[in-house]
Amino acid sequence: MSLILNPNIDDFDDFYKELIDSQRHMNDADAAQMNCKLVLLLANHVGDRAVIREALERAGGAV
Amino acid sequence: MFKTYTYPKFPYVQSPEQMAGDVKRHKLVIIGAGPIGLTAALDAAAHDLSCVVLDDNDTVSVGSRAVCYAKRSLEVLDRLNIGERMVEKGIGWKLGKVFFKDRLSYQFDLLPEDDNKMPAMINLQQYYLEEYMVEEISRHPQIDLRWKHKVMAIEQKADHAVLTVETPDGSFKMEADWVLACDGANSSVRTMVGAQFTGQFFHDRFLIADVIMKAEYPTERWFWFDPPFHPNQSVLLHRQPDDVWRIDFQLGWDADANEEKKPERIIPRVKAMLGDEREFELEWASVYQFACRRIDNFRYGRVLFAGDAAHQVSPFGARGANTGVQDTDNLLWKLKLVIGGDAPVGLIDSYNEERAFAADDNLLNSTRATDFITPKSASSRLYRDAVLQLAEDKDAEFARKLVNSGRLSKPTPYIHSSLNTPDEDLFAGAMAPGTNCADAPVKVSGQEAWFLNQIGGGFTLLSFGPAPAASVSFGRIAARVLEVGRDIEDLKGVLAERYDAKPGTVYLLRPDQHVSARWRTFDEAKITRALARALAA
Ligand SMILES: Cc1cc2nc3c(=O)[nH]c(=O)nc-3n(C[C@H](O)[C@H](O)[C@H](O)COP(=O)(O)OP(=O)(O)OC[C@H]3O[C@@H](n4cnc5c(N)ncnc54)[C@H](O)[C@@H]3O)c2cc1C
């Protein structure tokens with residue numbers, strides 16, 4: 001499997017709002033902390049190291 | 001000052017060779033009587049190889065220093081007759097607790113594997129280990145242990161080295177076919193031969209305190225990330241024998257070592273950690289500073305390196321003394337065969353190949369733990385804290401896997417070693433060529449015993465089922481057959497299970513209890529070739 005880049009979420013606008021809203025009450029530090037937890041939770045869900053590496057690269061990370 | 005331990009003072013004796021002014025040639029000279037030099041000496045004696053051990057001091061390790069001894073080290077030391085004594089005195093522990101800030105993040109059980117003679121881990125002060133070793137050495141006339149002998153210079157010749165040694169009676173010279181430098185992290189022998197000591201340069205300082213405390217604390221390992229009593233750093237609490245508790249406070253690189261060592265600085269720290277009401281006494285404290293690095297080659301001509309002289313790791317995961325014991329386990333049988341003319345010098349070079357590989361694995365592990373414990377940037381700290389916060393969630397098992405307060409020391413299998421004969425038959429399980437042998441309960445002459453006590457010292461052919469020969473040889477070196485069902489009985493079937501054995505399966509095992517080759521049938525020609533390969537012939 002490789003990283004899915006085609007649209008893969010049902011309702012995009014709704015998803016995006018949910019993402020932003022989930023941090024609306026937070027200051028920057030708490031939001032940054034939450035983002036890290038989110039990355040870890042989702043990475044574990046994906047599981048596939050090759051897919052995770054591809055995402056790291058796409059996001060601009062050095063791998 | 002010390003309440004629970006009396007330090008022995010070993011006598012200095014002037015050697016006959018110094019007295020007579022002779023330059024004597026020795027087969028093996030070991031420099032340093034720390035745990036690694038002493039293990040090497042005992043292993044040499046186990047191989048009936050005589051040696052001289054030189055140490056510039058006259059006592060054992062001051063302070064507890066390396067306290068955790070892992071299963072593989074205990075197995076090696078059991079081969080050298082002190083493992084049982086260590087386990088008897090040492091404290092076994094299984095439960096670890098990890099705290100983040102002011103709360104318990106989670107706890108884990110070491111879950112040691114059943115059916116092993118040696119436990120997963122014990123805690124024992126380094127001075128006990130050294131004391132037991134010195135005592136055991138006194139039973140071996142092949143070991144000439146000399147206190148107050150400081151090596152000042154080494155001159156390399158084509159087939160030997162010349163040492164300049166200083167004693168209270170002045171200096172003298174001695175020659176050695178082989179020199180084993182076990183002179184610790186600040187090894188001067190390294191400098192004498194011009195070796196490089198580099199790698200992942202990483203710095204930190206730890207305040208290490210031995211505290212006597214009668215209070216009933218459970219026998220557990222407690223690790224704190226960023227606790228309120230020591231913000232932004234880590235703290236580790238461990239129980240040792242004699243009601244002595246070991247506390248490691250991480251200080252960071254900027255701390256002033258001399259200041260931190262003062263009791264007036266230490267006592268408030270310990271008080272803050274324990275809560276004021278608990279009574280304790282300070283037994284010993286030191287500031288321990290480390291770097292993660294290793295020597296560029298474990299062999300320089302006739303000089304070999306082992307232990308801290310060869311590699312230095314962070315203390316997370318207790319790798320210091322544990323890996324050093326495995327160095328000498330790997331080296332001594334090779335030295336014996338090369339000195340005896342039974343194997344080419346190339347066999348010694350496999351020591352660098354195998355142990356540099358293991359050292360790199362250890363460095364990698366300890367660097368990873370260090371990076372987790374001491375994040376190097378704001379963003380890596382956020383990830384570290386995210387892991388610790390998620391770990392509190394009892395459903396988030398995956399996050400607990402990511403918590404790294406030091407992975408416990410496990411031996412590194414020599415999977416790529418040139419001494420291995422790769423499998424040509426299909427095998428399942430862990431016992432691939434290059435791996436250290438698993439233990440199992442067996443019966444020998446009707447008596448319950450352990451498998452690892454039946455092997456080691458020489459080559460063994462472990463045969464599951466009748467073998468067509470009593471041994472297989474290459475040159476003067478024989479691998480003797482150990483037949484399951486005849487010489488040993490597989491008490492619970494664990495041996496066959498761990499070695500994925502079927503009737504006819506044969507393993508060629510090295511003198512250091514590592515697998516060198518395995519087959520489904522006993523083929524003498526193949527075994528001879530594998531034995532030759534294991535001898536680098
Ligand atoms: C304060 C402190 C705390 C530590 N805590 C931990 C820990 O928590 N966990 C852990 O795993 N490890 C710890 N270590 C490391 C651990 O003690 C070492 O990994 C272990 O002692 C290595 O053994 P060694 O035999 O290689 O070297 P050492 O024990 O250092 O022994 C070297 C010996 O060589 C002798 N010597 C040196 N130079 C010469 C010379 N020129 N001539 C003759 N003799 C010489 C010395 O006197 C010494 O006896 C600690 C070390 C220190 C200093």
# chains A, B, ... in the order shown; residues from 1 in each chain; ligands from 1
>>> residues_near_ligand(ligand="ligand 1", cutoff="6 Å", atoms="only C-alpha atoms and all ligand atoms", output="JSON list (two decimals) with N, CA and C atoms, in the first residue's frame")
[["chain", "number", "residue", "atom", "x", "y", "z"],
["B", 31, "ILE", "N", 45.00, -5.55, 31.66],
["B", 31, "ILE", "CA", 45.19, -4.29, 32.38],
["B", 31, "ILE", "C", 43.86, -3.84, 32.96],
["B", 32, "GLY", "N", 43.78, -3.75, 34.27],
["B", 32, "GLY", "CA", 42.55, -3.29, 34.93],
["B", 32, "GLY", "C", 41.83, -4.44, 35.62],
["B", 33, "ALA", "N", 41.57, -4.27, 36.92],
["B", 33, "ALA", "CA", 40.81, -5.28, 37.66],
["B", 33, "ALA", "C", 39.45, -4.72, 38.05],
["B", 34, "GLY", "N", 38.78, -4.11, 37.09],
["B", 34, "GLY", "CA", 37.36, -3.78, 37.24],
["B", 34, "GLY", "C", 36.57, -5.03, 36.90],
["B", 35, "PRO", "N", 35.25, -4.94, 36.82],
["B", 35, "PRO", "CA", 34.46, -6.15, 36.55],
["B", 35, "PRO", "C", 34.86, -6.84, 35.24],
["B", 36, "ILE", "N", 35.29, -6.07, 34.25],
["B", 36, "ILE", "CA", 35.56, -6.69, 32.95],
["B", 36, "ILE", "C", 36.93, -7.38, 32.94],
["B", 37, "GLY", "N", 37.94, -6.72, 33.49],
["B", 37, "GLY", "CA", 39.26, -7.36, 33.59],
["B", 37, "GLY", "C", 39.20, -8.63, 34.42],
["B", 54, "LEU", "N", 46.91, -6.66, 36.00],
["B", 54, "LEU", "CA", 47.54, -5.50, 36.65],
["B", 54, "LEU", "C", 46.49, -4.46, 36.97],
["B", 55, "ASP", "N", 46.49, -3.98, 38.21],
["B", 55, "ASP", "CA", 45.56, -2.90, 38.54],
["B", 55, "ASP", "C", 46.29, -1.84, 39.36],
["B", 56, "ASP", "N", 45.99, -0.59, 39.04],
["B", 56, "ASP", "CA", 46.72, 0.51, 39.70],
["B", 56, "ASP", "C", 46.21, 0.77, 41.12],
["B", 57, "ASN", "N", 45.10, 0.12, 41.49],
["B", 57, "ASN", "CA", 44.49, 0.37, 42.78],
["B", 57, "ASN", "C", 44.64, -0.87, 43.67],
["B", 65, "ARG", "N", 28.06, 1.97, 41.65],
["B", 65, "ARG", "CA", 28.28, 2.05, 40.19],
["B", 65, "ARG", "C", 27.30, 1.17, 39.40],
["B", 66, "ALA", "N", 27.78, 0.19, 38.62],
["B", 66, "ALA", "CA", 26.86, -0.60, 37.80],
["B", 66, "ALA", "C", 26.06, -1.55, 38.68],
["B", 67, "VAL", "N", 24.75, -1.37, 38.75],
["B", 67, "VAL", "CA", 23.94, -2.17, 39.69],
["B", 67, "VAL", "C", 23.06, -3.23, 39.05],
["B", 149, "HIS", "N", 49.84, -1.97, 40.50],
["B", 149, "HIS", "CA", 50.67, -2.06, 39.30],
["B", 149, "HIS", "C", 50.04, -1.19, 38.23],
["B", 150, "LYS", "N", 50.65, -0.07, 37.95],
["B", 150, "LYS", "CA", 50.07, 0.86, 36.98],
["B", 150, "LYS", "C", 50.85, 0.80, 35.67],
["B", 151, "VAL", "N", 50.10, 0.58, 34.60],
["B", 151, "VAL", "CA", 50.75, 0.53, 33.29],
["B", 151, "VAL", "C", 50.99, 1.96, 32.81],
["B", 152, "MET", "N", 52.25, 2.28, 32.51],
["B", 152, "MET", "CA", 52.62, 3.64, 32.14],
["B", 152, "MET", "C", 52.85, 3.80, 30.64],
["B", 182, "CYS", "N", 41.49, -3.44, 29.87],
["B", 182, "CYS", "CA", 40.17, -3.27, 30.50],
["B", 182, "CYS", "C", 40.32, -2.16, 31.52],
["B", 183, "ASP", "N", 40.92, -1.06, 31.08],
["B", 183, "ASP", "CA", 41.27, 0.00, 32.03],
["B", 183, "ASP", "C", 40.24, 1.12, 32.08],
["B", 184, "GLY", "N", 39.01, 0.80, 31.70],
["B", 184, "GLY", "CA", 37.90, 1.71, 31.97],
["B", 184, "GLY", "C", 37.73, 2.85, 30.97],
["B", 185, "ALA", "N", 36.71, 3.67, 31.24],
["B", 185, "ALA", "CA", 36.30, 4.70, 30.29],
["B", 185, "ALA", "C", 37.40, 5.71, 29.98],
["B", 187, "SER", "N", 40.47, 5.09, 29.75],
["B", 187, "SER", "CA", 41.61, 4.26, 29.35],
["B", 187, "SER", "C", 42.81, 5.07, 28.86],
["B", 188, "SER", "N", 43.93, 4.88, 29.53],
["B", 188, "SER", "CA", 45.14, 5.53, 29.02],
["B", 188, "SER", "C", 45.80, 4.64, 27.98],
["B", 286, "SER", "N", 28.09, 10.30, 43.96],
["B", 286, "SER", "CA", 29.09, 10.65, 42.98],
["B", 286, "SER", "C", 28.40, 11.31, 41.79],
["B", 287, "VAL", "N", 29.14, 12.07, 41.05],
["B", 287, "VAL", "CA", 28.59, 12.59, 39.81],
["B", 287, "VAL", "C", 29.20, 11.79, 38.67],
["B", 288, "TYR", "N", 28.34, 11.23, 37.88],
["B", 288, "TYR", "CA", 28.75, 10.32, 36.81],
["B", 288, "TYR", "C", 28.45, 11.02, 35.50],
["B", 307, "GLY", "N", 35.22, -3.81, 27.53],
["B", 307, "GLY", "CA", 34.54, -3.04, 28.58],
["B", 307, "GLY", "C", 34.51, -1.56, 28.25],
["B", 308, "ASP", "N", 34.47, -0.75, 29.31],
["B", 308, "ASP", "CA", 34.38, 0.70, 29.12],
["B", 308, "ASP", "C", 35.55, 1.27, 28.33],
["B", 309, "ALA", "N", 36.68, 0.62, 28.35],
["B", 309, "ALA", "CA", 37.82, 1.09, 27.56],
["B", 309, "ALA", "C", 37.47, 1.06, 26.07],
["B", 315, "PRO", "N", 23.77, 5.36, 30.99],
["B", 315, "PRO", "CA", 23.39, 4.30, 31.93],
["B", 315, "PRO", "C", 21.97, 3.77, 31.72],
["B", 318, "ALA", "N", 21.12, -0.08, 31.56],
["B", 318, "ALA", "CA", 22.16, -0.88, 32.22],
["B", 318, "ALA", "C", 23.03, -1.64, 31.24],
["B", 319, "ARG", "N", 23.71, -0.92, 30.39],
["B", 319, "ARG", "CA", 24.49, -1.59, 29.36],
["B", 319, "ARG", "C", 25.99, -1.60, 29.64],
["B", 320, "GLY", "N", 26.44, -0.78, 30.59],
["B", 320, "GLY", "CA", 27.88, -0.64, 30.82],
["B", 320, "GLY", "C", 28.55, -1.96, 31.12],
["B", 321, "ALA", "N", 28.32, -2.47, 32.30],
["B", 321, "ALA", "CA", 28.99, -3.70, 32.70],
["B", 321, "ALA", "C", 28.45, -4.90, 31.92]]
>>> interface_residues(of="chain B", to="chain A", cutoff="9 Å", atoms="only C-alpha atoms", output="list of chain:residue names")
B:Ser379, B:Leu382, B:Tyr383, B:Arg384, B:Asp385, B:Ala386, B:Val387, B:Gln389, B:Leu390, B:Ala396, B:Phe398, B:Ala399
>>> residues_around(residues="segment 118-130 of chain B", least_positions_apart="2", cutoff="8 Å", atoms="only C-alpha atoms", output="ChimeraX atom specification")
/B:34-35,38,60-71,74-75,86-87,89-93,110,112-113,116,132-134,238-241
>>> write_last_selection(atoms="C-alpha atoms", output="PDB file, in the first residue's frame")
ATOM      1  CA  GLY B  34      37.361  -3.780  37.236  1.00  0.00           C
ATOM      2  CA  PRO B  35      34.463  -6.153  36.547  1.00  0.00           C
ATOM      3  CA  LEU B  38      38.321  -9.749  36.377  1.00  0.00           C
ATOM      4  CA  VAL B  60      37.018  -2.900  44.623  1.00  0.00           C
ATOM      5  CA  SER B  61      34.690  -0.363  43.009  1.00  0.00           C
ATOM      6  CA  VAL B  62      34.005   2.551  45.325  1.00  0.00           C
ATOM      7  CA  GLY B  63      30.229   3.037  45.406  1.00  0.00           C
ATOM      8  CA  SER B  64      27.577   0.890  43.798  1.00  0.00           C
ATOM      9  CA  ARG B  65      28.278   2.046  40.190  1.00  0.00           C
ATOM     10  CA  ALA B  66      26.864  -0.598  37.799  1.00  0.00           C
ATOM     11  CA  VAL B  67      23.945  -2.169  39.687  1.00  0.00           C
ATOM     12  CA  CYS B  68      21.800  -4.040  37.153  1.00  0.00           C
ATOM     13  CA  TYR B  69      22.957  -7.391  35.870  1.00  0.00           C
ATOM     14  CA  ALA B  70      20.923  -8.912  33.068  1.00  0.00           C
ATOM     15  CA  LYS B  71      20.273 -12.554  32.301  1.00  0.00           C
ATOM     16  CA  LEU B  74      24.513 -13.833  34.758  1.00  0.00           C
ATOM     17  CA  GLU B  75      24.723 -16.818  32.416  1.00  0.00           C
ATOM     18  CA  MET B  86      25.306 -13.048  42.643  1.00  0.00           C
ATOM     19  CA  VAL B  87      21.707 -14.158  42.311  1.00  0.00           C
ATOM     20  CA  LYS B  89      22.839 -11.873  47.189  1.00  0.00           C
ATOM     21  CA  GLY B  90      21.215  -9.742  44.518  1.00  0.00           C
ATOM     22  CA  ILE B  91      17.698  -8.374  44.473  1.00  0.00           C
ATOM     23  CA  GLY B  92      15.380  -9.627  41.791  1.00  0.00           C
ATOM     24  CA  TRP B  93      12.729  -7.254  40.519  1.00  0.00           C
ATOM     25  CA  LEU B 110       9.220  -7.611  33.167  1.00  0.00           C
ATOM     26  CA  PRO B 112      10.544 -13.025  32.727  1.00  0.00           C
ATOM     27  CA  GLU B 113      10.404 -16.089  30.530  1.00  0.00           C
ATOM     28  CA  ASN B 116      15.595 -20.260  32.652  1.00  0.00           C
ATOM     29  CA  TYR B 132      33.209 -12.303  44.555  1.00  0.00           C
ATOM     30  CA  MET B 133      35.438 -12.314  41.500  1.00  0.00           C
ATOM     31  CA  VAL B 134      38.627 -11.599  43.420  1.00  0.00           C
ATOM     32  CA  HIS B 238      16.332   1.131  42.497  1.00  0.00           C
ATOM     33  CA  ARG B 239      16.611  -1.229  45.401  1.00  0.00           C
ATOM     34  CA  GLN B 240      19.934  -2.906  46.194  1.00  0.00           C
ATOM     35  CA  PRO B 241      20.843  -5.468  48.856  1.00  0.00           C
TER      36      PRO B 241
END
>>> closest_residue(among="B:Asp210, B:Glu155, B:Asp144, B:Glu392", to="Trp284 of chain B", atoms="only C-alpha atoms")
B:Asp210
>>> residues_around(residues="Ser22 of chain A", least_positions_apart="5", cutoff="10 Å", atoms="only C-alpha atoms", output="list of chain:residue names")
A:Tyr16, A:Lys17, A:Ala31, A:Met34
>>> write_last_selection(atoms="all heavy atoms", output="compact mmCIF listing (two decimals), in the first residue's frame")
# COMPACT_ATOMS: atom_id res chain seq x y z
N TYR A 16 -12.96 19.30 8.23
CA TYR A 16 -12.02 20.38 8.51
C TYR A 16 -12.49 21.23 9.69
O TYR A 16 -11.71 21.60 10.56
CB TYR A 16 -11.83 21.25 7.25
CG TYR A 16 -10.62 22.15 7.38
CD1 TYR A 16 -9.34 21.63 7.26
CD2 TYR A 16 -10.78 23.50 7.65
CE1 TYR A 16 -8.23 22.44 7.41
CE2 TYR A 16 -9.67 24.32 7.80
CZ TYR A 16 -8.39 23.79 7.67
OH TYR A 16 -7.30 24.60 7.82
N LYS A 17 -13.79 21.47 9.71
CA LYS A 17 -14.38 22.25 10.81
C LYS A 17 -14.19 21.51 12.14
O LYS A 17 -13.82 22.10 13.15
CB LYS A 17 -15.87 22.48 10.53
CG LYS A 17 -16.58 23.31 11.62
CD LYS A 17 -18.00 23.64 11.19
CE LYS A 17 -18.70 24.59 12.16
NZ LYS A 17 -18.72 24.15 13.53
N ALA A 31 -2.59 23.28 21.93
CA ALA A 31 -2.92 22.77 20.60
C ALA A 31 -1.74 22.01 20.00
O ALA A 31 -1.90 20.93 19.41
CB ALA A 31 -3.33 23.92 19.68
N MET A 34 -1.61 18.73 21.60
CA MET A 34 -2.66 17.85 21.08
C MET A 34 -2.29 17.32 19.69
O MET A 34 -2.52 16.15 19.38
CB MET A 34 -4.00 18.59 21.02
CG MET A 34 -5.10 17.68 20.53
SD MET A 34 -6.59 18.56 20.02
CE MET A 34 -6.97 17.67 18.51
>>> select_by_dssp(residues="chain A", states="alpha helix (DSSP H)", output="PyMOL selection string")
chain A and resi 12-21+28-46+49-58
>>> atom_distance(atom1="atom CA of Ala391 of chain B", atom2="atom CA of Ser366 of chain B")
21.1 Å
>>> closest_residue(among="B:Glu353, B:Asp371, B:Asp342, B:Glu84", to="Ala532 of chain B", atoms="only C-alpha atoms")
B:Asp342
>>> residues_around(residues="Val63 of chain A", least_positions_apart="5", cutoff="12 Å", atoms="only C-alpha atoms", output="list in words")
Arg49, Ala50, Ile52, Arg53, Glu54, Ala55, Leu56, Glu57 and Arg58 of chain A
>>> atom_distance(atom1="atom CA of Arg146 of chain B", atom2="atom CA of Val325 of chain B")
20.9 Å
>>> decode(residues="segment 291-306 of chain B", atoms="N, CA, C and O atoms", output="short mmCIF file (atom, residue, chain, number, x, y, z; two decimals), in the first residue's frame")
data_model
loop_
_atom_site.label_atom_id
_atom_site.label_comp_id
_atom_site.auth_asym_id
_atom_site.auth_seq_id
_atom_site.Cartn_x
_atom_site.Cartn_y
_atom_site.Cartn_z
N ALA B 291 29.44 9.75 27.97
CA ALA B 291 29.25 10.07 26.56
C ALA B 291 28.95 8.75 25.88
O ALA B 291 29.27 7.69 26.40
N CYS B 292 28.30 8.78 24.74
CA CYS B 292 28.06 7.56 23.98
C CYS B 292 29.10 7.46 22.87
O CYS B 292 29.05 8.23 21.91
N ARG B 293 30.05 6.58 23.01
CA ARG B 293 31.10 6.48 21.99
C ARG B 293 31.80 5.14 22.08
O ARG B 293 31.68 4.43 23.08
N ARG B 294 32.52 4.82 21.02
CA ARG B 294 33.29 3.58 21.07
C ARG B 294 34.62 3.73 20.35
O ARG B 294 34.81 4.63 19.55
N ILE B 295 35.50 2.80 20.65
CA ILE B 295 36.83 2.78 20.04
C ILE B 295 36.68 2.40 18.57
O ILE B 295 35.77 1.66 18.20
N ASP B 296 37.57 2.92 17.73
CA ASP B 296 37.42 2.64 16.29
C ASP B 296 37.78 1.21 15.93
O ASP B 296 37.25 0.66 14.97
N ASN B 297 38.66 0.57 16.69
CA ASN B 297 38.94 -0.85 16.46
C ASN B 297 39.26 -1.51 17.80
O ASN B 297 40.03 -0.95 18.58
N PHE B 298 38.67 -2.67 18.05
CA PHE B 298 38.88 -3.36 19.33
C PHE B 298 40.26 -4.02 19.39
O PHE B 298 40.65 -4.56 20.40
N ARG B 299 40.96 -4.00 18.24
CA ARG B 299 42.32 -4.57 18.23
C ARG B 299 43.30 -3.58 17.64
O ARG B 299 43.07 -3.06 16.54
N TYR B 300 44.37 -3.32 18.36
CA TYR B 300 45.50 -2.56 17.84
C TYR B 300 46.73 -3.43 17.98
O TYR B 300 47.27 -3.57 19.08
N GLY B 301 47.13 -4.07 16.90
CA GLY B 301 48.28 -4.97 16.96
C GLY B 301 48.06 -6.05 17.99
O GLY B 301 47.13 -6.85 17.88
N ARG B 302 48.90 -6.05 19.02
CA ARG B 302 48.80 -7.06 20.06
C ARG B 302 47.97 -6.59 21.25
O ARG B 302 47.94 -7.25 22.29
N VAL B 303 47.34 -5.44 21.11
CA VAL B 303 46.56 -4.89 22.22
C VAL B 303 45.06 -4.93 21.88
O VAL B 303 44.64 -4.44 20.83
N LEU B 304 44.29 -5.56 22.76
CA LEU B 304 42.84 -5.69 22.56
C LEU B 304 42.13 -4.88 23.63
O LEU B 304 42.67 -4.68 24.72
N PHE B 305 40.93 -4.44 23.31
CA PHE B 305 40.18 -3.61 24.26
C PHE B 305 38.84 -4.25 24.61
O PHE B 305 38.20 -4.86 23.74
N ALA B 306 38.43 -4.12 25.87
CA ALA B 306 37.12 -4.64 26.28
C ALA B 306 36.53 -3.75 27.37
O ALA B 306 37.26 -3.04 28.07
#
